[in-house]
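protein_31.txt, holding compact mmCIF, C-alpha atoms and all ligand atoms:
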```txt
# COMPACT_ATOMS: atom_id res chain seq x y z
CA MET E 1 0.00 0.00 0.00
CA GLU E 2 1.18 3.50 -0.81
CA GLU E 3 1.81 5.64 2.25
CA GLN E 4 0.59 9.21 2.64
CA GLY E 5 3.58 11.55 2.22
CA ALA E 6 5.66 8.71 0.75
CA PRO E 7 8.68 9.79 -1.28
CA HIS E 8 7.75 10.38 -4.88
CA LEU E 9 9.65 8.76 -7.72
CA VAL E 10 8.86 10.09 -11.18
CA VAL E 11 10.02 7.82 -13.99
CA LEU E 12 10.36 9.04 -17.57
CA THR E 13 10.66 6.10 -19.95
CA GLY E 14 11.46 5.90 -23.66
CA ALA E 15 11.61 3.19 -26.29
CA GLY E 16 14.79 1.72 -24.68
CA ILE E 17 12.90 0.29 -21.69
CA SER E 18 10.94 -1.97 -24.04
CA ALA E 19 13.95 -3.03 -26.15
CA GLU E 20 14.60 -6.10 -23.97
CA SER E 21 10.95 -7.10 -24.47
CA GLY E 22 11.69 -7.36 -28.20
CA ILE E 23 10.18 -4.02 -29.29
CA ARG E 24 12.81 -2.12 -31.22
CA THR E 25 13.68 1.52 -30.70
CA PHE E 26 13.76 3.33 -34.02
CA ARG E 27 16.89 5.36 -33.56
CA ALA E 28 18.67 2.02 -33.27
CA SER E 29 18.05 1.45 -36.98
CA ASP E 30 19.21 4.70 -38.54
CA GLY E 31 15.95 6.56 -38.08
CA LEU E 32 13.92 3.81 -39.67
CA TRP E 33 11.09 2.35 -37.66
CA GLU E 34 11.00 -1.35 -38.61
CA GLU E 35 12.25 -0.47 -42.13
CA HIS E 36 9.76 2.36 -42.67
CA SER E 37 10.68 6.04 -42.88
CA ILE E 38 9.33 8.12 -40.04
CA GLU E 39 7.81 10.60 -42.52
CA ALA E 40 5.79 7.80 -44.13
CA VAL E 41 4.35 6.22 -40.99
CA ALA E 42 4.60 8.75 -38.17
CA THR E 43 3.35 12.06 -39.57
CA PRO E 44 -0.15 13.38 -40.40
CA GLU E 45 1.05 13.99 -43.98
CA GLY E 46 2.06 10.32 -44.33
CA PHE E 47 -1.42 9.27 -43.15
CA ALA E 48 -3.13 11.64 -45.58
CA ARG E 49 -0.97 10.30 -48.44
CA ASP E 50 -1.36 6.59 -47.78
CA PRO E 51 -3.73 5.79 -44.89
CA GLU E 52 -3.83 2.08 -45.69
CA ARG E 53 -0.05 1.75 -45.34
CA VAL E 54 -0.05 3.66 -42.05
CA LEU E 55 -2.93 1.61 -40.60
CA ARG E 56 -1.19 -1.61 -41.64
CA PHE E 57 2.07 -0.45 -40.05
CA TYR E 58 0.36 0.22 -36.69
CA ASP E 59 -1.60 -3.05 -36.93
CA GLU E 60 1.77 -4.83 -37.14
CA ARG E 61 3.23 -2.83 -34.25
CA ARG E 62 0.08 -3.59 -32.19
CA GLU E 63 0.41 -7.33 -32.80
CA GLN E 64 4.08 -7.11 -31.79
CA VAL E 65 3.08 -5.36 -28.53
CA ARG E 66 0.42 -7.99 -27.82
CA ARG E 67 3.03 -10.74 -28.21
CA ALA E 68 5.63 -8.97 -26.03
CA ALA E 69 5.91 -9.31 -22.25
CA PRO E 70 7.15 -6.83 -19.63
CA ASN E 71 10.84 -7.23 -18.76
CA ALA E 72 12.82 -6.94 -15.53
CA ALA E 73 12.82 -3.11 -15.69
CA HIS E 74 9.02 -2.80 -16.02
CA ARG E 75 8.58 -5.39 -13.26
CA ALA E 76 11.02 -3.71 -10.86
CA LEU E 77 9.16 -0.38 -11.12
CA ALA E 78 5.85 -2.10 -10.33
CA GLU E 79 7.48 -3.87 -7.34
CA LEU E 80 8.75 -0.57 -5.98
CA GLU E 81 5.22 0.82 -6.07
CA ARG E 82 3.90 -2.26 -4.27
CA ALA E 83 6.60 -1.71 -1.62
CA GLY E 84 5.02 1.64 -0.69
CA ILE E 85 6.99 4.13 -2.76
CA ARG E 86 4.86 6.58 -4.75
CA VAL E 87 5.78 5.88 -8.39
CA SER E 88 4.46 8.01 -11.27
CA ILE E 89 5.45 6.86 -14.74
CA ILE E 90 5.49 9.19 -17.73
CA THR E 91 6.21 7.15 -20.83
CA GLN E 92 6.94 8.11 -24.41
CA ASN E 93 6.05 4.54 -25.32
CA ILE E 94 2.84 3.57 -27.00
CA ASP E 95 2.98 -0.01 -25.66
CA ASP E 96 1.21 -1.15 -22.46
CA LEU E 97 4.10 -3.01 -20.84
CA HIS E 98 4.20 -0.81 -17.71
CA GLU E 99 0.52 -1.49 -17.07
CA ARG E 100 0.91 -5.20 -17.69
CA ALA E 101 3.81 -5.31 -15.20
CA GLY E 102 1.42 -3.85 -12.60
CA SER E 103 2.22 -0.12 -12.53
CA ARG E 104 -0.95 1.84 -11.77
CA ASP E 105 0.01 5.44 -12.44
CA VAL E 106 1.11 5.65 -16.09
CA LEU E 107 0.77 8.68 -18.37
CA HIS E 108 1.31 8.05 -22.08
CA LEU E 109 2.83 11.20 -23.53
CA HIS E 110 2.68 9.92 -27.12
CA GLY E 111 -0.59 7.97 -26.93
CA GLU E 112 -1.45 4.28 -26.81
CA ILE E 113 -1.32 1.81 -29.67
CA LEU E 114 -4.10 -0.27 -28.13
CA MET E 115 -6.52 2.62 -28.61
CA ALA E 116 -8.08 4.07 -31.77
CA ARG E 117 -9.25 7.63 -32.02
CA SER E 118 -11.28 9.84 -34.26
CA SER E 119 -9.36 11.83 -36.86
CA VAL E 120 -11.57 14.88 -36.20
CA ASP E 121 -12.05 14.79 -32.40
CA ASP E 122 -9.19 13.75 -30.08
CA ALA E 123 -11.64 13.10 -27.26
CA LEU E 124 -13.31 10.21 -29.13
CA ARG E 125 -11.12 7.23 -28.21
CA TYR E 126 -11.92 3.52 -28.49
CA PRO E 127 -10.08 0.51 -26.99
CA LEU E 128 -8.81 -2.08 -29.49
CA SER E 129 -9.13 -5.23 -27.39
CA SER E 130 -8.47 -7.35 -30.48
CA GLY E 131 -7.76 -6.77 -34.17
CA GLY E 132 -6.81 -3.44 -35.72
CA ILE E 133 -8.18 -0.46 -37.63
CA ARG E 134 -9.48 -0.82 -41.21
CA LEU E 135 -9.98 1.87 -43.80
CA GLY E 136 -13.70 2.71 -43.45
CA ASP E 137 -13.82 2.16 -39.65
CA VAL E 138 -15.33 5.40 -38.37
CA CYS E 139 -15.86 7.26 -35.08
CA ASP E 140 -19.23 8.35 -33.68
CA LYS E 141 -18.99 11.48 -35.82
CA GLY E 142 -18.50 9.45 -38.99
CA SER E 143 -14.81 10.18 -39.64
CA GLN E 144 -12.02 7.64 -40.22
CA LEU E 145 -10.43 6.11 -37.12
CA ARG E 146 -6.64 6.41 -36.68
CA PRO E 147 -4.21 5.06 -34.10
CA ASP E 148 -4.23 7.01 -30.82
CA VAL E 149 -0.58 7.90 -31.34
CA VAL E 150 1.00 11.38 -31.35
CA TRP E 151 2.81 11.82 -34.68
CA PHE E 152 5.71 14.10 -35.46
CA GLY E 153 4.47 17.63 -36.02
CA GLU E 154 1.43 17.13 -33.75
CA SER E 155 0.94 18.70 -30.34
CA VAL E 156 1.42 16.63 -27.20
CA PRO E 157 -1.86 17.14 -25.34
CA ARG E 158 -0.69 15.62 -22.03
CA TYR E 159 2.55 17.60 -21.80
CA GLY E 160 1.08 20.02 -19.21
CA ASP E 161 -0.05 17.12 -16.98
CA ALA E 162 3.42 15.57 -17.29
CA CYS E 163 5.07 18.87 -16.22
CA ASP E 164 2.84 19.00 -13.13
CA ILE E 165 3.89 15.47 -12.15
CA VAL E 166 7.62 16.14 -12.64
CA ALA E 167 7.33 19.31 -10.56
CA GLU E 168 6.40 17.11 -7.56
CA ALA E 169 9.29 14.65 -7.88
CA ASP E 170 11.72 13.79 -5.08
CA MET E 171 13.73 11.68 -7.53
CA LEU E 172 13.63 11.54 -11.31
CA LEU E 173 14.56 8.26 -13.01
CA VAL E 174 14.96 8.47 -16.79
CA VAL E 175 15.19 5.16 -18.67
CA GLY E 176 15.93 4.30 -22.28
CA THR E 177 15.51 7.61 -24.03
CA SER E 178 17.92 9.67 -26.06
CA LEU E 179 16.03 12.73 -24.77
CA ALA E 180 15.99 13.86 -28.40
CA VAL E 181 12.22 13.85 -28.83
CA MET E 182 10.68 17.20 -27.93
CA PRO E 183 9.01 18.25 -25.75
CA ALA E 184 9.84 15.26 -23.54
CA ALA E 185 13.43 16.46 -23.28
CA LEU E 186 12.25 19.68 -21.64
CA LEU E 187 10.42 17.78 -18.92
CA LEU E 188 13.60 17.31 -16.92
CA GLU E 189 13.80 21.05 -16.41
CA GLN E 190 10.47 21.02 -14.56
CA ALA E 191 11.90 19.05 -11.62
CA PRO E 192 12.36 20.82 -8.26
CA LEU E 193 15.94 22.04 -7.71
CA GLU E 194 16.48 19.67 -4.78
CA ALA E 195 15.36 16.57 -6.72
CA GLN E 196 18.08 14.23 -7.93
CA ALA E 197 17.98 12.67 -11.39
CA VAL E 198 19.57 9.62 -13.00
CA LEU E 199 19.57 8.26 -16.56
CA VAL E 200 19.72 4.50 -17.22
CA ASP E 201 20.67 3.92 -20.87
CA PRO E 202 23.61 2.10 -22.48
CA GLU E 203 24.53 5.49 -24.00
CA ALA E 204 24.04 7.37 -20.71
CA ASN E 205 27.60 8.70 -20.62
CA ASP E 206 27.00 10.61 -23.84
CA LEU E 207 23.34 11.49 -23.30
CA ALA E 208 22.96 12.62 -19.68
CA PRO E 209 22.78 16.38 -19.26
CA PRO E 210 25.08 17.93 -16.61
CA GLY E 211 24.00 17.22 -13.04
CA VAL E 212 22.18 14.01 -13.99
CA GLY E 213 23.59 10.74 -12.61
CA ARG E 214 24.27 8.11 -15.23
CA MET E 215 24.10 4.35 -15.34
CA ALA E 216 25.45 3.10 -18.66
CA LEU E 217 23.54 -0.20 -18.50
CA SER E 218 20.52 -1.70 -20.22
CA ALA E 219 17.17 -1.03 -18.56
CA GLY E 220 16.85 -4.68 -17.48
CA GLN E 221 20.18 -4.50 -15.66
CA GLY E 222 20.15 -0.95 -14.30
CA VAL E 223 16.57 -0.42 -13.12
CA PRO E 224 16.34 -3.53 -10.87
CA ARG E 225 19.69 -2.52 -9.35
CA LEU E 226 18.42 0.96 -8.42
CA VAL E 227 15.10 -0.41 -7.19
CA LYS E 228 16.90 -2.93 -4.96
CA TYR E 229 18.96 -0.10 -3.46
CA TRP E 230 15.91 2.09 -2.85
CA ARG E 231 13.97 -0.79 -1.29
CA ALA E 232 16.91 -1.66 0.99
CA THR E 233 17.48 1.92 2.18
CA GLY E 234 13.81 3.00 2.12
CA ARG E 235 14.98 6.36 0.80
CA LEU E 236 15.00 7.78 -2.71
CA GLU E 237 18.64 8.75 -2.93
CA LEU E 238 21.24 7.89 -5.52
CA PRO E 239 23.91 5.35 -4.58
CA ASN E 240 27.14 7.19 -3.63
CA ASP E 241 29.01 6.07 -6.74
CA LEU E 242 26.46 7.87 -8.93
CA LEU E 243 26.34 11.08 -6.90
CA SER E 244 29.45 12.71 -8.24
CA LEU E 245 28.50 12.31 -11.89
P1 LIG E 301 14.65 7.52 -28.23
O1 LIG E 301 15.09 8.67 -29.06
O2 LIG E 301 14.14 7.86 -26.90
O3 LIG E 301 15.89 6.50 -28.20
C1 LIG E 301 15.89 5.20 -27.62
C2 LIG E 301 16.95 5.13 -26.51
O4 LIG E 301 16.93 3.81 -25.97
C3 LIG E 301 18.40 5.39 -26.96
O5 LIG E 301 18.96 6.38 -26.13
C4 LIG E 301 19.12 4.04 -26.73
O6 LIG E 301 20.46 4.20 -26.30
C5 LIG E 301 18.25 3.45 -25.64
N1 LIG E 301 18.30 1.98 -25.51
C6 LIG E 301 18.46 1.04 -26.47
N2 LIG E 301 18.43 -0.19 -25.91
C7 LIG E 301 18.25 -0.02 -24.57
C8 LIG E 301 18.12 -0.91 -23.45
N3 LIG E 301 18.16 -2.24 -23.59
N4 LIG E 301 17.94 -0.36 -22.21
C9 LIG E 301 17.89 0.99 -22.04
N5 LIG E 301 18.01 1.87 -23.05
C10 LIG E 301 18.18 1.38 -24.31
O7 LIG E 301 13.49 6.71 -28.84
P2 LIG E 301 13.21 6.33 -30.34
O8 LIG E 301 13.48 4.88 -30.50
O9 LIG E 301 13.89 7.29 -31.24
O10 LIG E 301 11.64 6.56 -30.39
C11 LIG E 301 11.08 7.85 -30.43
C12 LIG E 301 9.59 7.75 -30.20
O11 LIG E 301 8.99 6.72 -31.02
C13 LIG E 301 9.26 7.33 -28.81
O12 LIG E 301 9.26 8.44 -28.00
C14 LIG E 301 7.90 6.64 -28.98
O13 LIG E 301 6.86 7.59 -29.02
C15 LIG E 301 8.01 5.95 -30.30
N6 LIG E 301 8.41 4.53 -30.13
C16 LIG E 301 7.75 3.79 -29.19
C17 LIG E 301 8.12 2.46 -28.97
C18 LIG E 301 7.35 1.67 -27.91
O14 LIG E 301 6.23 2.05 -27.58
N7 LIG E 301 7.95 0.62 -27.32
C19 LIG E 301 9.16 1.89 -29.71
C20 LIG E 301 9.82 2.69 -30.70
C21 LIG E 301 9.43 4.02 -30.87
```
Entire entry expressed as structure tokens:
Amino acid sequence: MEEQGAPHLVVLTGAGISAESGIRTFRASDGLWEEHSIEAVATPEGFARDPERVLRFYDERREQVRRAAPNAAHRALAELERAGIRVSIITQNIDDLHERAGSRDVLHLHGEILMARSSVDDALRYPLSSGGIRLGDVCDKGSQLRPDVVWFGESVPRYGDACDIVAEADMLLVVGTSLAVMPAALLLEQAPLEAQAVLVDPEANDLAPPGVGRMALSAGQGVPRLVKYWRATGRLELPNDLLSL
């Protein structure tokens, strides 16, 4: 059970946390997302040009997500929450692996692949418990359904909510993101001055901004290690060997 006044861990996760679950990051493959250009499958212009291709692409990604399972990093974060630490997760990922691991407080900055939404009204969203979206599937207002995913060039409706959460952090844990996707990168700056921050990413030594601790490990190695330390000490502080970084 979560305690009143419990220390608050805010976790910002990117595609890297799901890499060990078999879902590829796209920067890993030269800016191609599973062999497709980002312009073709992750922009409103790409959807307008060839909606069938875009719907098929997300149908494939959705099936991949359904087949995948949470890994040690997702599970460790859910365990920490069960141990009484307040854990808020802000994810750039469109998969549901945090939820399936048992995390209860998850904000999807870039949407959810297991939801469809109207292409004229963002508020009209529909769960996709099975199957995908076909050309001709329409919302209650009669317009074509699209994946509930924020594409490049679109606004990020939940960014304000994410800023409010980060502003209440005692500790900020960033996992598996190059911090290159805006505006997620700016979120770090919303943290209170006294909050510590750490980045877990194999490329952490190159990516972490000044003042951010770095663990150059995969998510599945680094996150359980930090969680074990926090559970043992009962306090959200960085291990000494990360403090000076
Ligand atoms: P990104 O720019 O955040 O880069 C991915 C990061 O993951 C890199 O820094 C890389 O070093 C790191 N990484 C790779 N393997 C790792 C591991 N095992 N453990 C920890 N870190 C690891 O993300 P991107 O791939 O360029 O994707 C950009 C956007 O595309 C995302 O924000 C998301 O909206 C979408 N996307 C989502 C998913 C998903 O939902 N799982 C997957 C790919 C892309």
task: Using only C-alpha atoms and all ligand atoms, find each residue with an atom at most 7 Å away from ligand LIG 301 (chain E) and format the answer as JSON, numbers by chain.
output: {"E": [14, 15, 16, 17, 18, 19, 20, 23, 24, 25, 26, 27, 28, 92, 93, 94, 95, 110, 175, 176, 177, 178, 179, 180, 181, 200, 201, 202, 203, 217, 218, 219, 220]}
task: Would you kindly return, as a list of chain:residue names, each protein, DNA or RNA residue with an atom no farther than 9 Å from any atom of Leu135 (chain E), considering all atoms listed in the file and excluding same-chain residues fewer than 5 positions away?
output: E:Pro51, E:Glu52, E:Leu55, E:Gln144, E:Leu145
message: Please report the interatomic distance between CA of Gly213 (chain E) and CA of Gly111 (chain E) in Å with one decimal.
response: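 Pair CA of Gly213 (chain E) / CA of Gly111 (chain E) returns 28.2 Å.
Taking CA of Ile113 (chain E) and CA of Ala73 (chain E) as endpoints, the distance between them is 20.5 Å.
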Test item: residues at most 9 Å from Leu124 (chain E), all atoms listed in the file, excluding those fewer than 4 positions along its chain, as an MDAnalysis selection string: chainID E and resid 116:120 139:141
Could you take the residues named above and write them with C-alpha atoms, as a PDB file, keeping the file's coordinate frame?
```
ATOM      1  CA  ALA E 116      -8.080   4.070 -31.770  1.00  0.00           C
ATOM      2  CA  ARG E 117      -9.250   7.630 -32.020  1.00  0.00           C
ATOM      3  CA  SER E 118     -11.280   9.840 -34.260  1.00  0.00           C
ATOM      4  CA  SER E 119      -9.360  11.830 -36.860  1.00  0.00           C
ATOM      5  CA  VAL E 120     -11.570  14.880 -36.200  1.00  0.00           C
ATOM      6  CA  CYS E 139     -15.860   7.260 -35.080  1.00  0.00           C
ATOM      7  CA  ASP E 140     -19.230   8.350 -33.680  1.00  0.00           C
ATOM      8  CA  LYS E 141     -18.990  11.480 -35.820  1.00  0.00           C
TER       9      LYS E 141
END
```
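Between Arg56 (chain E) and the residues E:Glu79, E:Ala68, E:Ser37, E:Ile133, the shortest atom-to-atom distance, using only C-alpha atoms, involves E:Ile133.
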message: Quick check, in Å to one decimal: how far apart do CA of Ser88 (chain E) and CA of Glu189 (chain E) lie?
response: 16.8 Å
- request: Write out as a count of residues only each polymer residue whose atoms come within 9 Å of Ala40 (chain E), counting only C-alpha atoms; drop sequence neighbours fewer than 6 positions from it.
  value: 6
message: If we count all atoms listed in the file and set the cut-off at 6 Å, which residues sit around Trp151 (chain E), ignoring sequence neighbours fewer than 2 positions away in its own chain? Please answer as a ChimeraX atom specification.
response: /E:42-43,154
query: Counting all atoms listed in the file, which of E:Ala6, E:Ala76, E:Ile38, E:Ala69 gets nearest to Lys228 (chain E)?
result: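 The answer is E:Ala76, which sits nearest to Lys228 (chain E).
Among the candidate residues E:Ala195, E:Tyr159, E:Val106, E:Asp121, the one lying nearest to Gly142 (chain E) is E:Asp121, with distances computed using all atoms listed in the file.
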